[in-house]
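S.K.: Below is the file start-v1.cif, which contains mmCIF, C-alpha atoms and all ligand atoms.
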data_model
loop_
_atom_site.label_atom_id
_atom_site.label_comp_id
_atom_site.auth_asym_id
_atom_site.auth_seq_id
_atom_site.Cartn_x
_atom_site.Cartn_y
_atom_site.Cartn_z
CA MET A 835 -1.83 23.08 -8.77
CA VAL A 836 -2.73 21.10 -5.68
CA ASP A 837 0.07 19.62 -3.70
CA VAL A 838 0.09 18.56 -0.09
CA GLU A 839 3.04 18.69 2.26
CA LEU A 840 3.09 16.93 5.59
CA LYS A 841 6.04 18.27 7.53
CA GLY A 842 6.81 16.37 10.70
CA LEU A 843 3.12 15.96 11.47
CA VAL A 844 2.54 14.47 14.92
CA ARG A 845 -0.64 13.34 16.68
CA GLU A 846 -0.63 12.32 20.30
CA PHE A 847 -3.37 10.41 22.07
CA ASP A 848 -4.50 10.65 25.68
CA ASP A 849 -2.88 7.34 26.53
CA GLY A 850 0.51 8.77 25.51
CA SER A 851 0.77 6.89 22.22
CA ARG A 852 1.69 8.92 19.17
CA ILE A 853 1.58 8.85 15.38
CA GLY A 854 4.38 10.60 13.56
CA PRO A 855 6.40 12.58 12.84
CA ILE A 856 5.14 12.06 9.31
CA ASP A 857 6.92 13.66 6.36
CA LEU A 858 5.35 13.33 2.94
CA HIS A 859 5.02 15.38 -0.20
CA VAL A 860 1.99 14.53 -2.33
CA LYS A 861 2.48 16.03 -5.75
CA ASP A 862 -0.07 17.74 -7.94
CA GLY A 863 -2.38 15.25 -9.66
CA GLU A 864 -0.71 12.30 -8.02
CA LEU A 865 -2.37 9.28 -6.43
CA LEU A 866 -0.31 8.48 -3.37
CA THR A 867 -1.22 5.53 -1.20
CA LEU A 868 -0.56 5.09 2.50
CA LEU A 869 0.07 1.39 2.97
CA GLY A 870 0.73 -0.26 6.28
CA PRO A 871 -0.51 -2.82 8.77
CA SER A 872 -3.54 -2.23 10.97
CA GLY A 873 -2.78 0.41 13.59
CA SER A 874 0.17 1.92 11.69
CA GLY A 875 -1.52 5.34 11.56
CA LYS A 876 -3.09 5.53 8.09
CA THR A 877 -6.51 6.79 9.17
CA THR A 878 -5.00 9.14 11.74
CA THR A 879 -2.78 10.70 9.06
CA LEU A 880 -5.73 11.14 6.72
CA ARG A 881 -7.82 12.71 9.48
CA MET A 882 -5.06 15.22 10.20
CA VAL A 883 -4.96 16.18 6.52
CA ALA A 884 -8.75 16.56 6.49
CA GLY A 885 -8.58 18.63 9.66
CA PHE A 886 -10.87 16.39 11.73
CA ILE A 887 -8.15 16.03 14.31
CA GLU A 888 -5.37 18.42 15.10
CA ASN A 889 -1.69 17.73 14.94
CA VAL A 890 0.31 18.60 18.03
CA GLY A 891 3.52 19.06 16.09
CA GLY A 892 4.70 19.84 12.59
CA SER A 893 2.73 21.52 9.88
CA LEU A 894 0.42 20.75 6.98
CA LEU A 895 0.58 22.76 3.79
CA ILE A 896 -1.95 22.54 0.99
CA ASP A 897 -0.75 24.45 -2.05
CA GLY A 898 1.87 26.00 0.14
CA ARG A 899 -0.70 27.39 2.55
CA ASP A 900 -0.44 26.40 6.20
CA MET A 901 -3.68 24.71 7.28
CA VAL A 902 -3.37 25.58 10.95
CA ASN A 903 -6.74 26.99 12.08
CA VAL A 904 -8.36 26.21 8.70
CA PRO A 905 -11.51 24.17 9.51
CA PRO A 906 -12.28 20.99 7.49
CA ARG A 907 -15.09 22.55 5.45
CA GLU A 908 -12.77 25.26 4.18
CA ARG A 909 -10.10 22.82 3.02
CA ASN A 910 -12.01 21.84 -0.12
CA ILE A 911 -11.45 18.13 0.34
CA GLY A 912 -13.60 15.19 -0.79
CA MET A 913 -13.52 12.16 1.47
CA VAL A 914 -14.65 8.57 1.52
CA PHE A 915 -14.38 7.07 4.97
CA GLN A 916 -13.33 3.60 6.02
CA SER A 917 -16.96 2.71 6.71
CA VAL A 918 -19.26 4.16 4.07
CA ALA A 919 -21.49 6.76 5.69
CA LEU A 920 -24.23 7.50 3.17
CA PHE A 921 -27.70 8.64 4.18
CA PRO A 922 -29.67 5.37 3.95
CA ASN A 923 -33.12 6.89 3.62
CA MET A 924 -32.17 9.35 0.94
CA THR A 925 -31.95 8.53 -2.74
CA VAL A 926 -28.70 8.13 -4.64
CA PHE A 927 -29.43 11.51 -6.26
CA GLU A 928 -29.93 13.20 -2.90
CA ASN A 929 -26.75 11.69 -1.51
CA ILE A 930 -24.65 12.93 -4.41
CA SER A 931 -26.28 16.35 -4.50
CA PHE A 932 -25.93 16.86 -0.76
CA GLY A 933 -22.62 18.74 -0.87
CA PRO A 934 -23.43 21.06 -3.79
CA ASP A 935 -26.85 21.77 -2.24
CA MET A 936 -25.26 22.68 1.08
CA ALA A 937 -22.82 24.90 -0.74
CA GLY A 938 -25.76 26.71 -2.31
CA TRP A 939 -25.16 25.79 -5.95
CA PRO A 940 -27.96 26.80 -8.34
CA ARG A 941 -30.40 23.95 -8.99
CA GLU A 942 -29.50 23.44 -12.68
CA GLU A 943 -25.80 23.19 -11.85
CA VAL A 944 -26.50 20.64 -9.12
CA ILE A 945 -28.51 18.47 -11.49
CA GLU A 946 -25.88 18.74 -14.17
CA ARG A 947 -23.12 17.77 -11.74
CA VAL A 948 -25.02 14.79 -10.33
CA GLU A 949 -25.75 13.48 -13.82
CA GLU A 950 -22.16 13.94 -14.89
CA LEU A 951 -20.86 11.99 -11.88
CA ALA A 952 -23.57 9.34 -12.18
CA ASP A 953 -22.38 8.71 -15.74
CA LEU A 954 -18.75 8.70 -14.72
CA LEU A 955 -19.38 6.11 -12.01
CA GLY A 956 -22.06 4.11 -13.79
CA VAL A 957 -24.90 4.72 -11.32
CA ARG A 958 -27.17 6.72 -13.60
CA GLN A 959 -29.93 4.10 -13.53
CA LEU A 960 -29.90 4.14 -9.71
CA LEU A 961 -30.40 7.85 -9.09
CA LEU A 962 -33.94 7.51 -7.77
CA ARG A 963 -33.30 4.50 -5.58
CA LYS A 964 -32.72 4.76 -1.87
CA ILE A 965 -29.29 3.80 -0.55
CA SER A 966 -30.95 0.96 1.36
CA GLU A 967 -31.96 -0.44 -2.05
CA VAL A 968 -28.52 -0.57 -3.70
CA SER A 969 -25.75 -3.16 -3.36
CA GLY A 970 -22.52 -2.68 -1.42
CA GLY A 971 -20.50 -2.06 -4.57
CA GLU A 972 -23.04 0.44 -5.87
CA ALA A 973 -22.99 2.22 -2.52
CA GLN A 974 -19.20 2.53 -2.79
CA ARG A 975 -19.59 4.19 -6.19
CA VAL A 976 -22.18 6.58 -4.79
CA ALA A 977 -19.85 7.41 -1.91
CA LEU A 978 -17.15 8.25 -4.42
CA ALA A 979 -19.53 10.35 -6.49
CA ARG A 980 -20.61 12.19 -3.36
CA ALA A 981 -16.99 12.87 -2.41
CA LEU A 982 -16.35 14.34 -5.86
CA ALA A 983 -19.58 16.32 -6.10
CA THR A 984 -18.33 19.73 -5.00
CA LYS A 985 -15.26 19.49 -7.24
CA PRO A 986 -12.83 19.19 -4.35
CA LYS A 987 -9.19 19.90 -5.06
CA LEU A 988 -8.03 17.01 -2.93
CA LEU A 989 -9.49 13.54 -2.53
CA LEU A 990 -8.94 11.37 0.56
CA LEU A 991 -10.01 7.75 0.36
CA ASP A 992 -9.77 5.54 3.45
CA GLU A 993 -10.05 1.87 2.46
CA PRO A 994 -13.00 2.70 0.19
CA LEU A 995 -13.22 -0.85 -1.17
CA SER A 996 -12.49 -2.93 1.90
CA ALA A 997 -16.04 -4.23 2.29
CA LEU A 998 -16.23 -5.67 -1.22
CA ASP A 999 -15.42 -9.07 -2.65
CA LEU A 1000 -12.19 -9.46 -4.59
CA GLN A 1001 -13.66 -9.32 -8.08
CA LEU A 1002 -15.65 -6.16 -7.49
CA ARG A 1003 -12.75 -4.62 -5.62
CA GLU A 1004 -10.43 -5.13 -8.57
CA ARG A 1005 -12.98 -3.66 -10.95
CA LEU A 1006 -13.51 -0.59 -8.80
CA GLN A 1007 -9.76 -0.13 -8.32
CA THR A 1008 -9.48 0.27 -12.05
CA GLU A 1009 -12.43 2.65 -12.06
CA ILE A 1010 -11.00 4.80 -9.30
CA ARG A 1011 -7.71 4.99 -11.13
CA ARG A 1012 -9.42 5.91 -14.39
CA ILE A 1013 -11.51 8.63 -12.77
CA GLN A 1014 -8.57 9.98 -10.79
CA ARG A 1015 -6.48 10.22 -13.96
CA LYS A 1016 -9.32 11.80 -15.90
CA LEU A 1017 -9.99 14.46 -13.27
CA LYS A 1018 -6.26 14.80 -12.44
CA ILE A 1019 -7.28 15.14 -8.83
CA THR A 1020 -4.57 14.90 -6.19
CA THR A 1021 -5.50 11.86 -4.10
CA ILE A 1022 -4.36 10.21 -0.90
CA TYR A 1023 -5.56 6.63 -0.79
CA VAL A 1024 -5.38 4.34 2.21
CA THR A 1025 -5.25 0.58 2.16
CA HIS A 1026 -3.59 -2.29 3.96
CA SER A 1027 -3.60 -4.35 0.78
CA GLN A 1028 -0.34 -4.37 -1.11
CA ASP A 1029 -1.99 -5.58 -4.31
CA GLU A 1030 -4.48 -2.74 -4.19
CA ALA A 1031 -1.78 -0.16 -3.46
CA PHE A 1032 0.43 -1.40 -6.27
CA ALA A 1033 -2.46 -1.59 -8.72
CA ILE A 1034 -3.62 1.98 -8.44
CA SER A 1035 -0.82 4.20 -7.13
CA ASP A 1036 1.70 6.54 -8.67
CA ARG A 1037 3.65 6.26 -5.43
CA VAL A 1038 3.21 4.38 -2.19
CA ALA A 1039 4.26 5.42 1.32
CA ILE A 1040 4.81 2.49 3.65
CA LEU A 1041 3.79 3.28 7.22
CA ASP A 1042 5.35 1.41 10.10
CA ASP A 1043 4.23 2.19 13.62
CA GLY A 1044 3.29 5.79 12.94
CA VAL A 1045 6.16 6.83 10.69
CA VAL A 1046 6.89 6.63 6.97
CA SER A 1047 9.32 3.82 6.41
CA GLN A 1048 9.81 4.35 2.67
CA VAL A 1049 8.14 6.22 -0.20
CA GLY A 1050 8.45 5.28 -3.85
CA THR A 1051 6.81 3.90 -6.94
CA PRO A 1052 5.59 0.31 -6.63
CA GLU A 1053 8.60 -0.81 -8.70
CA GLU A 1054 11.07 1.06 -6.51
CA LEU A 1055 9.62 -0.38 -3.32
CA TYR A 1056 9.50 -3.88 -4.65
CA ASP A 1057 12.92 -3.84 -6.27
CA SER A 1058 14.79 -1.86 -3.63
CA PRO A 1059 13.21 -2.10 -0.19
CA ALA A 1060 15.07 0.32 2.07
CA ASN A 1061 14.83 -1.77 5.17
CA GLU A 1062 13.74 -5.04 6.67
CA PHE A 1063 10.23 -3.87 7.51
CA VAL A 1064 9.46 -2.87 3.94
CA ALA A 1065 11.01 -6.01 2.48
CA SER A 1066 9.09 -8.31 4.77
CA PHE A 1067 5.83 -6.34 4.69
CA LEU A 1068 5.81 -6.40 0.90
CA GLY A 1069 6.83 -10.03 0.91
CA SER A 1070 9.31 -9.00 -1.71
CA GLY A 1071 12.31 -10.19 0.19
CA ASN A 1072 13.75 -13.20 1.88
CA ILE A 1073 15.60 -11.63 4.77
CA VAL A 1074 18.87 -13.33 5.57
CA SER A 1075 21.58 -12.33 8.02
CA GLY A 1076 25.12 -13.56 8.19
CA LEU A 1077 28.73 -12.81 9.02
CA ILE A 1078 31.16 -11.27 6.57
CA THR A 1079 34.18 -13.55 6.33
CA GLU A 1080 36.03 -12.06 3.37
CA VAL A 1081 36.08 -8.78 1.50
CA SER A 1082 37.60 -8.52 -1.96
CA ASP A 1083 37.13 -5.77 -4.52
CA GLY A 1084 33.40 -5.21 -4.52
CA ASN A 1085 32.53 -8.69 -3.31
CA LEU A 1086 31.71 -10.07 0.10
CA MET A 1087 31.83 -13.62 1.26
CA VAL A 1088 29.10 -14.07 3.84
CA SER A 1089 28.66 -17.05 6.09
CA VAL A 1090 25.08 -17.99 6.85
CA LYS A 1091 24.55 -21.09 8.99
CA ASN A 1092 27.95 -22.37 7.89
CA ASN A 1093 27.18 -21.91 4.21
CA ARG A 1094 29.02 -19.39 2.08
CA PHE A 1095 27.25 -16.86 -0.10
CA GLU A 1096 28.95 -14.40 -2.41
CA ILE A 1097 27.37 -10.95 -2.43
CA PRO A 1098 28.36 -7.84 -4.36
CA GLY A 1099 28.94 -4.97 -1.93
CA ASP A 1100 31.19 -3.44 0.65
CA GLY A 1101 31.69 -4.25 4.27
CA GLU A 1102 34.10 -5.23 7.01
CA VAL A 1103 35.33 -8.66 7.87
CA ASN A 1104 33.72 -10.08 11.02
CA SER A 1105 30.74 -7.74 10.94
CA GLN A 1106 27.12 -8.83 10.68
CA ILE A 1107 25.19 -8.14 7.53
CA LYS A 1108 21.53 -8.44 6.60
CA PHE A 1109 20.32 -8.76 3.06
CA SER A 1110 17.15 -9.31 1.10
CA VAL A 1111 16.57 -11.51 -1.94
CA LYS A 1112 13.37 -11.51 -3.95
CA PRO A 1113 11.65 -14.89 -4.33
CA GLU A 1114 12.08 -14.75 -8.10
CA ASP A 1115 15.83 -14.39 -7.57
CA VAL A 1116 16.15 -17.61 -5.62
CA ILE A 1117 17.13 -20.45 -7.94
CA ILE A 1118 16.42 -24.03 -6.98
CA SER A 1119 17.35 -27.49 -8.12
CA ASP A 1120 16.22 -30.98 -7.12
CA THR A 1121 19.78 -32.30 -7.40
CA PRO A 1122 22.83 -31.04 -5.49
CA VAL A 1123 24.86 -28.29 -7.18
CA PRO A 1124 28.43 -27.39 -6.15
CA ASP A 1125 28.54 -24.17 -4.10
CA TRP A 1126 24.78 -24.10 -3.61
CA ALA A 1127 23.20 -24.49 -0.19
CA GLN A 1128 20.72 -27.16 0.83
CA ALA A 1129 17.29 -26.59 2.32
CA GLU A 1130 14.25 -28.61 3.27
CA LEU A 1131 11.16 -28.37 1.09
CA VAL A 1132 8.17 -27.18 3.12
CA SER A 1133 5.43 -26.63 0.55
CA ILE A 1134 4.62 -25.80 -3.05
CA THR A 1135 1.75 -23.39 -3.76
CA PRO A 1136 0.50 -22.73 -7.30
CA GLN A 1137 0.13 -19.05 -8.17
CA VAL A 1138 -0.86 -17.23 -11.30
CA GLY A 1139 1.94 -18.00 -13.77
CA SER A 1140 4.33 -19.52 -11.24
CA PHE A 1141 4.81 -21.73 -8.20
CA LYS A 1142 5.74 -20.52 -4.77
CA VAL A 1143 8.21 -22.95 -3.23
CA SER A 1144 8.68 -22.61 0.52
CA LEU A 1145 11.95 -23.86 1.93
CA GLU A 1146 13.51 -24.03 5.34
CA PHE A 1147 17.22 -23.39 5.50
CA ASN A 1148 18.48 -24.24 8.99
CA GLY A 1149 15.54 -22.44 10.55
CA ILE A 1150 15.46 -19.57 8.05
CA PRO A 1151 12.35 -19.49 5.85
CA ILE A 1152 13.21 -19.02 2.17
CA ILE A 1153 10.61 -18.46 -0.52
CA ALA A 1154 11.45 -19.20 -4.14
CA LEU A 1155 9.31 -18.52 -7.18
CA THR A 1156 9.68 -20.73 -10.20
CA ASN A 1157 7.78 -21.32 -13.40
CA ASP A 1158 9.63 -24.55 -14.13
CA GLU A 1159 6.69 -26.96 -14.27
CA GLU A 1160 8.94 -29.97 -14.92
CA LEU A 1161 10.89 -29.28 -11.75
CA VAL A 1162 7.74 -28.81 -9.69
CA LYS A 1163 6.30 -32.05 -11.03
CA LYS A 1164 9.49 -33.88 -10.08
CA LEU A 1165 9.53 -32.35 -6.61
CA ARG A 1166 5.94 -33.39 -6.08
CA THR A 1167 6.16 -36.93 -7.37
CA ASN A 1168 9.56 -37.85 -5.92
CA GLY A 1169 8.57 -36.70 -2.49
CA GLU A 1170 11.98 -35.04 -2.60
CA LYS A 1171 12.64 -33.20 0.63
CA THR A 1172 16.08 -31.69 0.11
CA ILE A 1173 16.46 -28.86 -2.37
CA ALA A 1174 19.60 -27.09 -3.55
CA PHE A 1175 19.28 -23.34 -3.81
CA ALA A 1176 21.30 -20.23 -4.58
CA PHE A 1177 20.70 -16.50 -4.78
CA LYS A 1178 21.22 -14.59 -8.00
CA SER A 1179 24.00 -12.46 -6.58
CA GLU A 1180 23.40 -9.41 -8.78
CA SER A 1181 19.92 -8.98 -7.33
CA ILE A 1182 20.77 -9.17 -3.65
CA ILE A 1183 19.96 -6.02 -1.70
CA ILE A 1184 22.00 -5.24 1.38
CA LEU A 1185 19.74 -3.76 4.07
N1 LIG B 1201 -8.69 8.35 19.65
C1 LIG B 1201 -7.65 7.53 19.86
N2 LIG B 1201 -7.17 7.33 21.11
C2 LIG B 1201 -6.11 6.52 21.36
N3 LIG B 1201 -5.46 5.84 20.39
C3 LIG B 1201 -5.92 5.98 19.14
C4 LIG B 1201 -7.02 6.83 18.79
N4 LIG B 1201 -7.21 6.76 17.47
C5 LIG B 1201 -6.28 5.92 17.00
N5 LIG B 1201 -5.50 5.46 17.99
C6 LIG B 1201 -4.36 4.53 17.88
O1 LIG B 1201 -3.46 5.02 16.90
C7 LIG B 1201 -2.94 3.97 16.14
C8 LIG B 1201 -3.20 4.23 14.67
O2 LIG B 1201 -4.59 4.17 14.40
P1 LIG B 1201 -5.16 4.36 12.95
O3 LIG B 1201 -6.64 4.30 13.01
O4 LIG B 1201 -4.56 5.57 12.36
O5 LIG B 1201 -4.56 3.07 12.23
P2 LIG B 1201 -4.79 2.52 10.75
O6 LIG B 1201 -3.44 2.41 10.14
O7 LIG B 1201 -5.80 3.33 10.05
O8 LIG B 1201 -5.32 1.05 11.04
P3 LIG B 1201 -6.46 0.19 10.27
O9 LIG B 1201 -5.76 -0.46 9.09
O10 LIG B 1201 -6.82 -0.85 11.30
O11 LIG B 1201 -7.59 1.08 9.90
C9 LIG B 1201 -3.60 2.70 16.66
O12 LIG B 1201 -2.72 2.06 17.53
C10 LIG B 1201 -4.82 3.20 17.38
O13 LIG B 1201 -5.17 2.34 18.43
MG MG B 1202 -7.72 2.93 9.35
#
As C-alpha cells, please, write out the structure in this file.
Ligand SMILES: Nc1ncnc2c1ncn2[C@@H]1O[C@H](COP(=O)(O)OP(=O)(O)OP(=O)(O)O)[C@@H](O)[C@H]1O
Ligand SMILES: [Mg+2]
M.R.:
Amino acid sequence: MVDVELKGLVREFDDGSRIGPIDLHVKDGELLTLLGPSGSGKTTTLRMVAGFIENVGGSLLIDGRDMVNVPPRERNIGMVFQSVALFPNMTVFENISFGPDMAGWPREEVIERVEELADLLGVRQLLLRKISEVSGGEAQRVALARALATKPKLLLLDEPLSALDLQLRERLQTEIRRIQRKLKITTIYVTHSQDEAFAISDRVAILDDGVVSQVGTPEELYDSPANEFVASFLGSGNIVSGLITEVSDGNLMVSVKNNRFEIPGDGEVNSQIKFSVKPEDVIISDTPVPDWAQAELVSITPQVGSFKVSLEFNGIPIIALTNDEELVKKLRTNGEKTIAFAFKSESIIIL
C-alpha cells in the first residue's frame, strides 16, 4: 500500500507569493496527473512531496506517515525532473545503476536490476553507450529507468516528455502507462498538456493559481467541469452567461444577447447565470431554424474525425464540432457567413 495525502500543503516564497493550500489524495497504485498552466504550481507541489522544499503549512502523509523532518533520500521516491539530469559522461548502464550502487546493493543484484529495467524500457542495446551518444527520446527512457532502479514506492514525473516531438511523446506516454500499470507504482505525473494528461491518467487534478480547482477522471472533468476555469482550460466548454427570465418546473428560460435559450435547472428570475456547453453539443445549420440563434461563421478547422466550426455570437465565441461533411462543404463553397445554432439542452452544465 502506498498512498499519498496532501493536506492543505502551502509553500510561500520570499516575494510573498504562495502555492496552496493543496488538498489531494493519491491512491495506491494510481497514476494521478497535475495539470495546469505554466506557473500554476505543479513543480512546486511535486518538490514538496519529494521533500526538496519544505511546506510552511499543512501536512504530507505517505502511507499515513507524516513526512515532516523526513529527508528526501528517506522517502523512497523515484523522480524524473522537468529537465533531464543524467550524467552525460557516464554510460547508460552507469546512470541506471547509480541509485542501487549508492544504496550498497550487491553487484549481482545491481546488474540484474539494470538488465530488467533496460528490457522493460527497450534500452538494452544502449547500455554501454554514453548518455552523450543517445537520442533525446532514449535519454528520457534512461531517466525513467534510473528513477525506477531502486524500486521506489512512489514515482514523481515532472513533464518527462516535454522535450520530445509529438510522435515520440505519444509512444512514450503509452510506455509509461504500461510500465506504471505493470509495476502498480503510485505515480504523480506533471504536464501542462491536456492530451497527455487524459491519455495516461487514472485521475487528473487541475491546478489553477496554486490551488486544486477540480479532481476527477478525464471523463468526469470533460463531461462535468466544476467551474469556468476548468471548462475553459480543458476547452471542453463554451462558456455563456445570461439572465434568467422565466422559471418553470425544472426549466429555465435564459436570455443571452436578446436570444432565448431553454436550460434544464433551477434558479431565480432576474438573476445571472453562467453555463458551459461542449462543442459537440452545439448543433448548427446553414439555414435559419425557428427558435435557434444566429451567429457569424469565423473559421472551419479540420480535425481528426470532425470539423471545428468557430462562430461569433454577438461577441461571444462559440465552438461547434460537427462531422457533417456535406454541411461543411456547403458552408465553404457558399461563402455563407450566418449560421443558425442551438445547444442540446440536456447536455448544458450550469457553472
Ligand atoms: N524559488 C521561487 N521563488 C519565488 N517564486 C517561485 C519560486 N519557485 C517558483 N516560484 C513561483 O511559483 C509559481 C509556481 O511555480 P511552479 O514551478 O510550481 O509552476 P509550474 O506549474 O511547474 O509551471 P511550469 O508549467 O512552467 O513548469 C510561479 O509563479 C513561480 O514563479
Ligand atoms: Mg514546472
S.K.: Have a look at A:Glu1030, A:Asp999, A:Glu1096, A:Glu993 and name the one nearest to ligand LIG 1201 (chain B); count all atoms listed in the file.
M.R.: A:Glu993
S.K.: Give the answer as one residue: which of A:Ser893, A:Ser1140, A:Ser969, A:Gln1128 has the shortest atom-to-atom distance to Glu1160 of chain A, using all atoms listed in the file?
M.R.: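 Closest to Glu1160 of chain A of all the choices is A:Ser1140.
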S.K.: Hey, which residues sit close to ligand LIG 1201 (chain B)? Say within 6 Å, counting only C-alpha atoms and all ligand atoms, and write them as a list in words.
M.R.: Phe847, Pro871, Ser872, Gly873, Ser874, Gly875, Lys876, Thr877, Thr878 and His1026 of chain A
S.K.: Taking all atoms listed in the file into account, name the residue in A:Gln959, A:Thr1156, A:Thr1025, A:Asn1072 that is nearest to ligand MG 1202 (chain B).
M.R.: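 That would be A:Thr1025, the residue with the smallest distance to ligand MG 1202 (chain B).
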S.K.: Tell me, in Å to one decimal, how far atom CA of Glu928 of chain A is from atom CA of Gly971 of chain A.
M.R.: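 Result for atom CA of Glu928 of chain A versus atom CA of Gly971 of chain A: 18.0 Å, one decimal.
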S.K.: Mind checking which residues fall within 10 Å of Lys964 of chain A, counting all atoms listed in the file, ignoring those fewer than 4 positions away in the same chain, and posting them as a list in words?
M.R.: Phe921, Pro922, Asn923, Met924, Thr925, Val926, Phe927, Glu928, Asn929, Leu960 and Val968 of chain A
S.K.: For a test of reading the model, state the distance in Å between atom CA of Gln974 of chain A and atom CA of Val948 of chain A, rounded to one decimal.
M.R.: 15.5 Å
S.K.: Determine the nearest neighbour of Phe1067 of chain A from the options A:Glu846, A:Asp1029, A:Asp1100, A:Glu943, counting all atoms listed in the file.
M.R.: A:Asp1029
S.K.: Using all atoms listed in the file, which of the listed residues (A:Ser996, A:Ser1082, A:Ser1089, A:Ser851) sits closest to ligand MG 1202 (chain B)?
M.R.: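 Smallest separation from ligand MG 1202 (chain B) among the options: A:Ser996.
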S.K.: Near Ala1039 of chain A, within 9 Å and counting all atoms listed in the file, which residues show up once chain neighbours fewer than 3 positions away are dropped, as a ChimeraX atom specification?
M.R.: /A:858,866-870,1046-1051
S.K.: May I ask which of the residues A:Leu1017, A:Val944, A:Ala1174, A:Leu990 is the closest one to Leu880 of chain A, counting all atoms listed in the file?
M.R.: A:Leu990
S.K.: I'd like the contact shell of Leu1077 of chain A - 8 Å cut-off, all atoms listed in the file, skipping same-chain residues fewer than 6 positions apart - returned as a ChimeraX atom specification.
M.R.: /A:1088-1090,1103-1107
S.K.: Save out the residues we just selected, C-alpha atoms, as an mmCIF file, in the frame of the given file.
M.R.:
data_model
loop_
_atom_site.group_PDB
_atom_site.id
_atom_site.type_symbol
_atom_site.label_atom_id
_atom_site.label_comp_id
_atom_site.auth_asym_id
_atom_site.auth_seq_id
_atom_site.Cartn_x
_atom_site.Cartn_y
_atom_site.Cartn_z
ATOM 1 C CA VAL A 1088 29.100 -14.070 3.840
ATOM 2 C CA SER A 1089 28.660 -17.050 6.090
ATOM 3 C CA VAL A 1090 25.080 -17.990 6.850
ATOM 4 C CA VAL A 1103 35.330 -8.660 7.870
ATOM 5 C CA ASN A 1104 33.720 -10.080 11.020
ATOM 6 C CA SER A 1105 30.740 -7.740 10.940
ATOM 7 C CA GLN A 1106 27.120 -8.830 10.680
ATOM 8 C CA ILE A 1107 25.190 -8.140 7.530
#
S.K.: Work out how far apart atom CA of Trp939 of chain A and atom CA of Thr984 of chain A are and give it in Å to one decimal.
M.R.: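 That distance, rounded to one decimal, is 9.2 Å.
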S.K.: Residues at most 8 Å from Asp897 of chain A, counting all atoms listed in the file, excluding those fewer than 3 positions away in the same chain, as a PyMOL selection string?
M.R.: chain A and resi 835-838
S.K.: Which residues are close to segment 1061-1063 of chain A, i.e. within 9 Å by only C-alpha atoms, leaving aside same-chain residues fewer than 2 positions away? Reply as a list of chain:residue names.
M.R.: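 My reading of the contact set: A:Asp1042, A:Ser1047, A:Gln1048, A:Ser1058, A:Pro1059, A:Ala1065, A:Ser1066, A:Phe1067, A:Leu1068, A:Gly1071, A:Ile1073, A:Lys1108, A:Phe1109, A:Ser1110, A:Ile1184, A:Leu1185.
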S.K.: May I have the protein, DNA and RNA residues with any atom at most 12 Å from the point (-0.5, 10.3, -12.6), counting all atoms listed in the file, written as a ChimeraX atom specification?
M.R.: /A:860-866,1011-1021,1034-1037,1051
S.K.: Give as a ChimeraX atom specification each residue that has an atom at most 8 Å from (-9.9, 19.6, 6.6) in the file, counting all atoms listed in the file.
M.R.: /A:881-886,904-911
S.K.: Could you write out that same residue set with C-alpha atoms as a PDB file, keeping the file's coordinate frame?
M.R.:
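selection.pdb, written as the output of this step:
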ATOM      1  CA  ARG A 881      -7.820  12.710   9.480  1.00  0.00           C
ATOM      2  CA  MET A 882      -5.060  15.220  10.200  1.00  0.00           C
ATOM      3  CA  VAL A 883      -4.960  16.180   6.520  1.00  0.00           C
ATOM      4  CA  ALA A 884      -8.750  16.560   6.490  1.00  0.00           C
ATOM      5  CA  GLY A 885      -8.580  18.630   9.660  1.00  0.00           C
ATOM      6  CA  PHE A 886     -10.870  16.390  11.730  1.00  0.00           C
ATOM      7  CA  VAL A 904      -8.360  26.210   8.700  1.00  0.00           C
ATOM      8  CA  PRO A 905     -11.510  24.170   9.510  1.00  0.00           C
ATOM      9  CA  PRO A 906     -12.280  20.990   7.490  1.00  0.00           C
ATOM     10  CA  ARG A 907     -15.090  22.550   5.450  1.00  0.00           C
ATOM     11  CA  GLU A 908     -12.770  25.260   4.180  1.00  0.00           C
ATOM     12  CA  ARG A 909     -10.100  22.820   3.020  1.00  0.00           C
ATOM     13  CA  ASN A 910     -12.010  21.840  -0.120  1.00  0.00           C
ATOM     14  CA  ILE A 911     -11.450  18.130   0.340  1.00  0.00           C
TER      15      ILE A 911
END
